[in-house]
Structure formats: C-alpha cells, structure tokens
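Here the structure is laid out as structure tokens; the discussion comes afterwards.
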Amino acid sequence: MARHASLAPAALLLALAAGCAPAQKKPDYAKFLAAQPRAILIVPVVNKSVNVDAPDYFLSTIPVPVAERGYYVFPVNMVKRVLEDDGLADAALVHGAEPQKLAALFGADAVLYVTVERWDAKYIVVDTQVTVEFTYVLKDGKTGESLWSARRSAVHTASQGSGQGGLAGLIAKAVAAAVAKAAPNYMPLARQANAAALEYPGPGFPSGPYRPEYQQDL
Amino acid sequence: MDRTPRTLLLAAAAGLALSACAQRSGQLYRWGGYDAALYSHYKKPQERQEFVERLKVVILEAEQGGEKVPPGCYAEYGYALLEEGQHRAAISYFQKERDLWPESRAFMEKMIRNAERLEGRGSGASAKGPAAALEGK
C-alpha cells in the first residue's frame with residue numbers, strides 16, 4: 001500500500017512533464033543547420049482555398065520576411081514568369097517537380113513551398129470572420145529532403161459598431177460585417193501568419209548569413 | 001580646442017544614424033514599397049506602369065540612402081525591362097543583381113545570355129513600355 005502511495009506523485013509528475021512537452025517542443029534544426037542554405041527559391045503557391053487570387057496575393061507577402069531572416073531570396077515574380085515560360089504555369093506541377101531540379105535551374109540552396117489552405121470570410125451571426133491558413137515546407141536543393149516545415153493560421157473577426165445596444169447596434173454590426181465580407185482585408189493576416197511562422201527563436205528560420213547573429217543564435 | 005565641437009557633431013551624426021537604424025526595428029533592408037508593388041501588380045496587372053515605377057523607386061531609395069538594394073529588386077526590375085524588349089538595359093540590371101548578390105550568379109548569367117540572344121535576334125525592340133520610358137530609351 002505504502003509503495004503504491006509513493007508512486008502516485010511520481011506518476012503525477014510524469015503526466016505533468018508529458019503535458020508540458022508539446023508546448024516546449026523545439027523544431028529539429030539538425031538538417032537545416034547541416035544544409036547551411038544561403039539562397040532560397042520561393043516557388044509559386046499552391047491554392048487549396050476557394051479564392052482564386054489568394055496564391056498571387058500571398059506570394060507578394062513572403063519574400064520580405066524570408067530575406068529579413070538573412071537569406072538571399074530569388075525575385076519571386078521573375079521566378080514565376082520564368083517557370084511559366086518553361087511550361088510550368090501550374091503551381092501544383094512546380095510543387096510536384098524534384099526540388100533538386102528546381103534548385104539547379106536557379107542555383108538555389110533550398111526551395112520554399114507554400115500552400116494556401118484557407119483564405120475565406122464567413123458570416124458568424126452578425127460578425128464576419130476572416131481566416132487565412134498556410135503550410136510552409138523548405139526542401140534541400142541537393143538532397144530534396146525536408147529541412148523545415150510549419151503550418152500557421154490567422155483569424156480576424158470584424159465586429160465594429162458594438163457600442164450601441166438593441167436593434168440599432170445589431171444593424172450597425174451587420175453592416176460592418178457585410179462591408180468586411182465584401183472586401184475582407186486578408187493581407188495583414190497573411191503577414192501576421194508569415195511573421196509567426198518565421199519567428200526565431202520559435203518555429204522559424206535561424207538567422208541566415210546576412211544577419212549579424214548568423215550562427216550565434218543556435 | 002576647436003576639435004571638440006567637431007567631435008560632438010560627429011557623435012551627434014552617429015547618434016542620428018543609429019536612431020534611424022533603430023526606427024527600422026532591426027530590419028536589414030529598406031524595402032520601400034516592394035511588397036505593395038507586387039500586390040498591386042497581381043491585383044491590377046493592367047497597371048504595369050505603376051508596378052515598374054515602384055520597382056525603380058525601391059532601387060533609387062536604397063541607392064541614394066547608401067544602402068544595399070534588397071535581394072531580388074535589381075533582377076525584378078531588369079525582368080520588367082526584358083519583357084518590354086529593352087535587352088541592353090535588362091542586362092545591366094541583371095549584372096547589378098549578380099554583382100551585389102553572389103547567390104544569384106548562376107540565374108543571372110543564364111538570364112544575361114538569354115537577353116543577349118534575344119538582342120542578337122533583334123526581337124522586341126519596337127515594344128516600348130513604361131520601364132523603357134524610365135530608362136530614357
């Protein structure tokens with residue numbers, strides 16, 4: 001009996017430790033650091049959302065934060081056009097191609113693939129909820145292996161005009177929600193998701209060669 | 001004796017420069033409106049002139065500020081010139097990208113050879129677009 005009693009706190013500790021583990025989980029940077037990428041090729045974006053403009057709009061948000069992590073980023077629009085000229089206008093085809101071949105075509109060390117999972121605006125009662133969600137995968141240009149990946153979403157609920165009560169307040173909210181739904185502003189959300197995905201320390205990229213902290217922040 | 005004010009002035013200038021850096025909150029580059037230019041280009045592809053002008057402004061602002069032109073910007077602008085048949089001018093911007101960013105060398109040299117071939121063929125010289133106008137050709 002006494003022995004069982006002494007085990008209980010130990011089991012509790014173990015359970016607590018297990019509960020903590022996911023929160024402290026640090027991405028495994030071993031492959032990333034071994035590959036030492038300098039030049040990152042960001043290829044056109046695959047779209048799984050219902051919004052046809054989402055992949056191009058997203059593409060405009062991604063080169064700045066990646067370059068600011070200290071890496072050379074190939075000119076995204078030029079890359080897209082050159083791939084189109086090579087018969088790779090379909091982003092899904094590009095994502096299906098061998099990373100080694102893409103990397104060799106441009107002289108890149110690694111290839112960043114992004115998929116738009118969500119890019120939508122929905123009515124929820126009298127509010128509009130705008131959601132974006134992306135998956136990011138960085139693959140080694142030499143081995144084709146995955147070096148890093150992330151999945152990030154950002155949500156904004158437009159609910160202005162809530163100051164008034166009663167019917168007037170409800171109408172004001174409904175109008176605000178309709179406006180937000182007619183022209184939802186996805187761009188700040190996309191930037192927010194990118195910032196969260198690339199933040200370091202965190203899930204993001206360790207500093208690249210153009211950052212002063214290169215190889216000092218591991 | 002008269003060195004002191006000068007030293008102070010220098011220190012003040014250095015302080016100003018430092019605070020200017022701090023305002024960009026640790027950013028490596030002066031991007032100007034690069035991302036906004038790309039976004040507008042995808043939103044309104046017909047407004048090509050605006051896109052090309054904004055790319056040029058990003059380059060000029062960084063150059064005039066004595067800063068490194070952000071990665072990809074020379075190349076992006078050079079490609080706009082290439083699309084308008086301005087092969088010579090395009091080549092000069094691909095060279096700038098290559099010289100500033102050694103990682104781009106393989107890609108830029110490929111594009112330079114490509115532009116030289118197009119020029120040899122004499123194609124596209126009639127296509128005068130907004131980028132060509134900016135280059136004063």
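Identifiers in the structure tokens: chain A, B, ... in order shown; residue index from 1 per chain; ligand index from 1 in order shown.
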
Given a cut-off of 9 Å, which residues of chain B touch chain A, counting only C-alpha atoms, written out as JSON, numbers by chain? {"B": [26, 27, 28, 29, 31, 34, 35, 36, 37, 38, 39, 40, 42, 43, 70, 71, 72, 73, 74, 75, 76, 79, 80, 101, 103, 104, 105, 106, 107, 108, 110]}

Take the residues that were just selected and, keeping C-alpha atoms, output them as a CSV table (one decimal), in the first residue's frame.
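Result written to part28.csv:
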```csv
chain,number,residue,atom,x,y,z
B,26,GLY,CA,16.3,45.6,-36.8
B,27,GLN,CA,15.3,45.4,-40.5
B,28,LEU,CA,18.2,44.6,-42.8
B,29,TYR,CA,16.9,46.4,-45.8
B,31,TRP,CA,12.2,47.7,-48.9
B,34,TYR,CA,8.4,46.3,-52.9
B,35,ASP,CA,5.7,44.0,-51.4
B,36,ALA,CA,2.9,46.6,-52.1
B,37,ALA,CA,4.2,46.9,-55.7
B,38,LEU,CA,3.9,43.1,-56.1
B,39,TYR,CA,0.5,43.0,-54.6
B,40,SER,CA,-0.8,45.8,-56.8
B,42,TYR,CA,-1.2,40.9,-59.1
B,43,LYS,CA,-4.4,42.8,-58.3
B,70,PRO,CA,17.3,44.4,-51.2
B,71,PRO,CA,17.7,40.9,-52.7
B,72,GLY,CA,15.9,40.4,-56.0
B,73,CYS,CA,14.9,44.0,-56.6
B,74,TYR,CA,17.5,44.7,-59.4
B,75,ALA,CA,16.5,41.5,-61.0
B,76,GLU,CA,12.8,42.1,-60.8
B,79,TYR,CA,13.0,41.4,-65.9
B,80,ALA,CA,10.4,44.2,-66.4
B,101,TRP,CA,24.3,39.2,-54.5
B,103,GLU,CA,24.0,33.7,-54.7
B,104,SER,CA,22.1,35.0,-57.8
B,105,ARG,CA,25.1,34.5,-60.2
B,106,ALA,CA,24.0,31.2,-61.9
B,107,PHE,CA,20.5,32.5,-62.5
B,108,MET,CA,21.6,36.0,-63.6
B,110,LYS,CA,21.6,32.5,-67.6
```

Write out as an MDAnalysis selection string each polymer residue whose atoms come within 9 Å of Glu50 (chain B), counting only C-alpha atoms; drop sequence neighbours fewer than 3 positions from it. chainID B and resid 37 40:41 47 53:55 130

Surrounding residues of Ala180 (chain A) excluding itself and chain neighbours under 2 positions, 10 Å, only C-alpha atoms, as an NGL selection string: :A and (121-123 or 127-130 or 157-160 or 174-178 or 182-185)

For all heavy atoms, I'd like the residues from the last selection saved as a tab-separated table (two decimals), in the first residue's frame.
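Result written to selection-v5.tsv:
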```
chain	number	residue	atom	x	y	z
A	121	ALA	N	-13.81	34.36	-45.91
A	121	ALA	CA	-14.56	35.21	-44.99
A	121	ALA	C	-15.93	34.58	-44.78
A	121	ALA	O	-16.59	34.20	-45.75
A	121	ALA	CB	-14.70	36.61	-45.56
A	122	LYS	N	-16.31	34.43	-43.51
A	122	LYS	CA	-17.59	33.78	-43.22
A	122	LYS	C	-18.40	34.62	-42.26
A	122	LYS	O	-17.87	35.20	-41.33
A	122	LYS	CB	-17.32	32.42	-42.54
A	122	LYS	CG	-16.91	31.35	-43.51
A	122	LYS	CD	-16.82	30.00	-42.81
A	122	LYS	CE	-16.45	28.93	-43.81
A	122	LYS	NZ	-15.46	28.00	-43.30
A	123	TYR	N	-19.70	34.62	-42.49
A	123	TYR	CA	-20.62	35.23	-41.53
A	123	TYR	C	-20.78	34.32	-40.33
A	123	TYR	O	-21.02	33.12	-40.48
A	123	TYR	CB	-22.01	35.40	-42.14
A	123	TYR	CG	-22.21	36.67	-42.91
A	123	TYR	CD1	-22.54	36.65	-44.26
A	123	TYR	CD2	-22.11	37.90	-42.26
A	123	TYR	CE1	-22.74	37.82	-44.96
A	123	TYR	CE2	-22.31	39.08	-42.96
A	123	TYR	CZ	-22.63	39.03	-44.31
A	123	TYR	OH	-22.84	40.19	-45.00
A	127	ASP	N	-21.25	38.83	-37.21
A	127	ASP	CA	-19.86	39.20	-37.40
A	127	ASP	C	-19.34	38.52	-38.65
A	127	ASP	O	-19.92	37.55	-39.14
A	127	ASP	CB	-19.00	38.73	-36.21
A	127	ASP	CG	-19.39	39.45	-34.93
A	127	ASP	OD1	-19.85	40.60	-35.03
A	127	ASP	OD2	-19.24	38.85	-33.86
A	128	THR	N	-18.22	39.04	-39.18
A	128	THR	CA	-17.54	38.35	-40.27
A	128	THR	C	-16.20	37.87	-39.76
A	128	THR	O	-15.44	38.65	-39.17
A	128	THR	CB	-17.33	39.26	-41.48
A	128	THR	OG1	-18.60	39.57	-42.02
A	128	THR	CG2	-16.52	38.55	-42.56
A	129	GLN	N	-15.95	36.60	-39.98
A	129	GLN	CA	-14.68	36.04	-39.55
A	129	GLN	C	-13.82	35.79	-40.78
A	129	GLN	O	-14.21	35.05	-41.68
A	129	GLN	CB	-14.91	34.75	-38.78
A	129	GLN	CG	-13.69	34.31	-38.03
A	129	GLN	CD	-13.99	33.13	-37.15
A	129	GLN	OE1	-14.33	32.05	-37.64
A	129	GLN	NE2	-13.89	33.31	-35.85
A	130	VAL	N	-12.66	36.44	-40.82
A	130	VAL	CA	-11.73	36.29	-41.94
A	130	VAL	C	-10.59	35.37	-41.48
A	130	VAL	O	-10.00	35.59	-40.43
A	130	VAL	CB	-11.17	37.66	-42.38
A	130	VAL	CG1	-10.27	37.50	-43.60
A	130	VAL	CG2	-12.30	38.63	-42.69
A	157	THR	N	-11.90	38.73	-36.55
A	157	THR	CA	-13.34	38.85	-36.52
A	157	THR	C	-13.72	40.31	-36.54
A	157	THR	O	-13.33	41.07	-35.66
A	157	THR	CB	-13.92	38.17	-35.26
A	157	THR	OG1	-13.45	36.83	-35.23
A	157	THR	CG2	-15.43	38.17	-35.29
A	158	ALA	N	-14.41	40.70	-37.59
A	158	ALA	CA	-14.84	42.09	-37.73
A	158	ALA	C	-16.15	42.27	-37.00
A	158	ALA	O	-17.15	41.67	-37.37
A	158	ALA	CB	-15.00	42.44	-39.20
A	159	SER	N	-16.12	43.05	-35.95
A	159	SER	CA	-17.37	43.28	-35.21
A	159	SER	C	-17.38	44.69	-34.67
A	159	SER	O	-17.38	44.92	-33.48
A	159	SER	CB	-17.52	42.27	-34.07
A	159	SER	OG	-16.40	42.33	-33.23
A	160	GLN	N	-17.34	45.64	-35.61
A	160	GLN	CA	-17.42	47.04	-35.19
A	160	GLN	C	-18.88	47.39	-34.90
A	160	GLN	O	-19.77	46.62	-35.17
A	160	GLN	CB	-16.91	47.98	-36.30
A	160	GLN	CG	-15.45	47.80	-36.61
A	160	GLN	CD	-15.24	46.90	-37.81
A	160	GLN	OE1	-16.05	46.01	-38.08
A	160	GLN	NE2	-14.15	47.10	-38.51
A	174	ALA	N	-24.23	44.30	-38.34
A	174	ALA	CA	-24.49	43.56	-39.59
A	174	ALA	C	-23.91	44.30	-40.78
A	174	ALA	O	-23.35	43.69	-41.69
A	174	ALA	CB	-26.00	43.35	-39.76
A	175	VAL	N	-24.03	45.64	-40.75
A	175	VAL	CA	-23.48	46.45	-41.84
A	175	VAL	C	-21.96	46.32	-41.87
A	175	VAL	O	-21.37	46.08	-42.92
A	175	VAL	CB	-23.91	47.94	-41.70
A	175	VAL	CG1	-23.14	48.81	-42.68
A	175	VAL	CG2	-25.41	48.08	-41.95
A	176	ALA	N	-21.35	46.44	-40.69
A	176	ALA	CA	-19.89	46.32	-40.61
A	176	ALA	C	-19.43	44.95	-41.12
A	176	ALA	O	-18.44	44.83	-41.85
A	176	ALA	CB	-19.42	46.54	-39.17
A	177	ALA	N	-20.17	43.92	-40.73
A	177	ALA	CA	-19.82	42.56	-41.15
A	177	ALA	C	-19.96	42.39	-42.66
A	177	ALA	O	-19.13	41.76	-43.30
A	177	ALA	CB	-20.70	41.55	-40.42
A	178	ALA	N	-21.01	43.02	-43.22
A	178	ALA	CA	-21.24	42.92	-44.67
A	178	ALA	C	-20.11	43.62	-45.43
A	178	ALA	O	-19.62	43.12	-46.44
A	178	ALA	CB	-22.58	43.53	-45.04
A	182	ALA	N	-17.57	41.91	-47.97
A	182	ALA	CA	-17.47	42.37	-49.35
A	182	ALA	C	-16.02	42.62	-49.73
A	182	ALA	O	-15.59	42.30	-50.83
A	182	ALA	CB	-18.29	43.64	-49.54
A	183	ALA	N	-15.25	43.20	-48.82
A	183	ALA	CA	-13.85	43.49	-49.12
A	183	ALA	C	-12.97	43.14	-47.93
A	183	ALA	O	-12.41	44.01	-47.28
A	183	ALA	CB	-13.70	44.97	-49.48
A	184	PRO	N	-12.90	41.85	-47.62
A	184	PRO	CA	-12.09	41.47	-46.46
A	184	PRO	C	-10.62	41.77	-46.72
A	184	PRO	O	-10.15	41.59	-47.84
A	184	PRO	CB	-12.34	39.97	-46.31
A	184	PRO	CG	-12.89	39.51	-47.61
A	184	PRO	CD	-13.45	40.70	-48.32
A	185	ASN	N	-9.95	42.25	-45.69
A	185	ASN	CA	-8.54	42.58	-45.86
A	185	ASN	C	-7.68	41.41	-45.36
A	185	ASN	O	-7.43	41.28	-44.17
A	185	ASN	CB	-8.20	43.87	-45.13
A	185	ASN	CG	-6.86	44.40	-45.58
A	185	ASN	OD1	-6.17	43.77	-46.39
A	185	ASN	ND2	-6.48	45.54	-45.06
```

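Take the candidates A:Gln215, A:Thr143, A:Ser207, A:Thr135 and check each one against Asn194 (chain A) using only C-alpha atoms; the shortest distance goes to A:Thr135.
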
Could you name the residues that touch His87 (chain B) at 8 Å or less, counting only C-alpha atoms, but leaving out those on the same chain fewer than 3 positions away, as a compact mmCIF listing (two decimals) with all heavy atoms, in the first residue's frame?
```
# COMPACT_ATOMS: atom_id res chain seq x y z
N LEU B 81 12.16 45.20 -67.71
CA LEU B 81 12.77 45.78 -68.92
C LEU B 81 12.83 44.74 -70.03
O LEU B 81 12.53 45.03 -71.19
CB LEU B 81 14.18 46.30 -68.61
CG LEU B 81 14.27 47.50 -67.67
CD1 LEU B 81 15.71 47.70 -67.21
CD2 LEU B 81 13.77 48.76 -68.37
N LEU B 82 13.21 43.53 -69.66
CA LEU B 82 13.33 42.45 -70.65
C LEU B 82 11.99 42.19 -71.33
O LEU B 82 11.92 42.01 -72.54
CB LEU B 82 13.83 41.17 -69.96
CG LEU B 82 14.18 40.01 -70.89
CD1 LEU B 82 15.51 40.29 -71.58
CD2 LEU B 82 14.28 38.70 -70.12
N ALA B 90 18.08 45.65 -69.55
CA ALA B 90 17.79 44.49 -68.70
C ALA B 90 19.10 43.85 -68.26
O ALA B 90 19.29 43.56 -67.07
CB ALA B 90 16.93 43.48 -69.46
N ILE B 91 20.01 43.67 -69.21
CA ILE B 91 21.29 43.04 -68.90
C ILE B 91 22.02 43.82 -67.81
O ILE B 91 22.56 43.24 -66.86
CB ILE B 91 22.16 42.92 -70.18
CG1 ILE B 91 21.56 41.85 -71.11
CG2 ILE B 91 23.61 42.58 -69.84
CD1 ILE B 91 22.14 41.84 -72.52
N ALA B 115 19.09 37.22 -72.68
CA ALA B 115 18.81 38.58 -73.18
C ALA B 115 19.72 38.91 -74.36
O ALA B 115 19.29 39.56 -75.31
CB ALA B 115 19.01 39.59 -72.05
N GLU B 116 20.98 38.44 -74.29
CA GLU B 116 21.91 38.70 -75.40
C GLU B 116 21.45 37.99 -76.67
O GLU B 116 21.54 38.54 -77.77
CB GLU B 116 23.33 38.24 -75.01
CG GLU B 116 24.01 39.21 -74.07
CD GLU B 116 25.30 38.67 -73.44
OE1 GLU B 116 25.54 37.44 -73.54
OE2 GLU B 116 26.04 39.46 -72.85
N LEU B 118 18.33 37.22 -77.39
CA LEU B 118 17.15 37.95 -77.88
C LEU B 118 17.57 39.22 -78.61
O LEU B 118 17.01 39.58 -79.64
CB LEU B 118 16.23 38.32 -76.71
CG LEU B 118 15.44 37.17 -76.08
CD1 LEU B 118 14.80 37.63 -74.78
CD2 LEU B 118 14.37 36.67 -77.04
N GLU B 119 18.60 39.88 -78.09
CA GLU B 119 19.07 41.12 -78.70
C GLU B 119 19.67 40.83 -80.08
O GLU B 119 19.42 41.56 -81.04
CB GLU B 119 20.11 41.79 -77.82
CG GLU B 119 20.39 43.21 -78.26
CD GLU B 119 21.55 43.83 -77.50
OE1 GLU B 119 22.51 43.10 -77.19
OE2 GLU B 119 21.48 45.02 -77.24
```
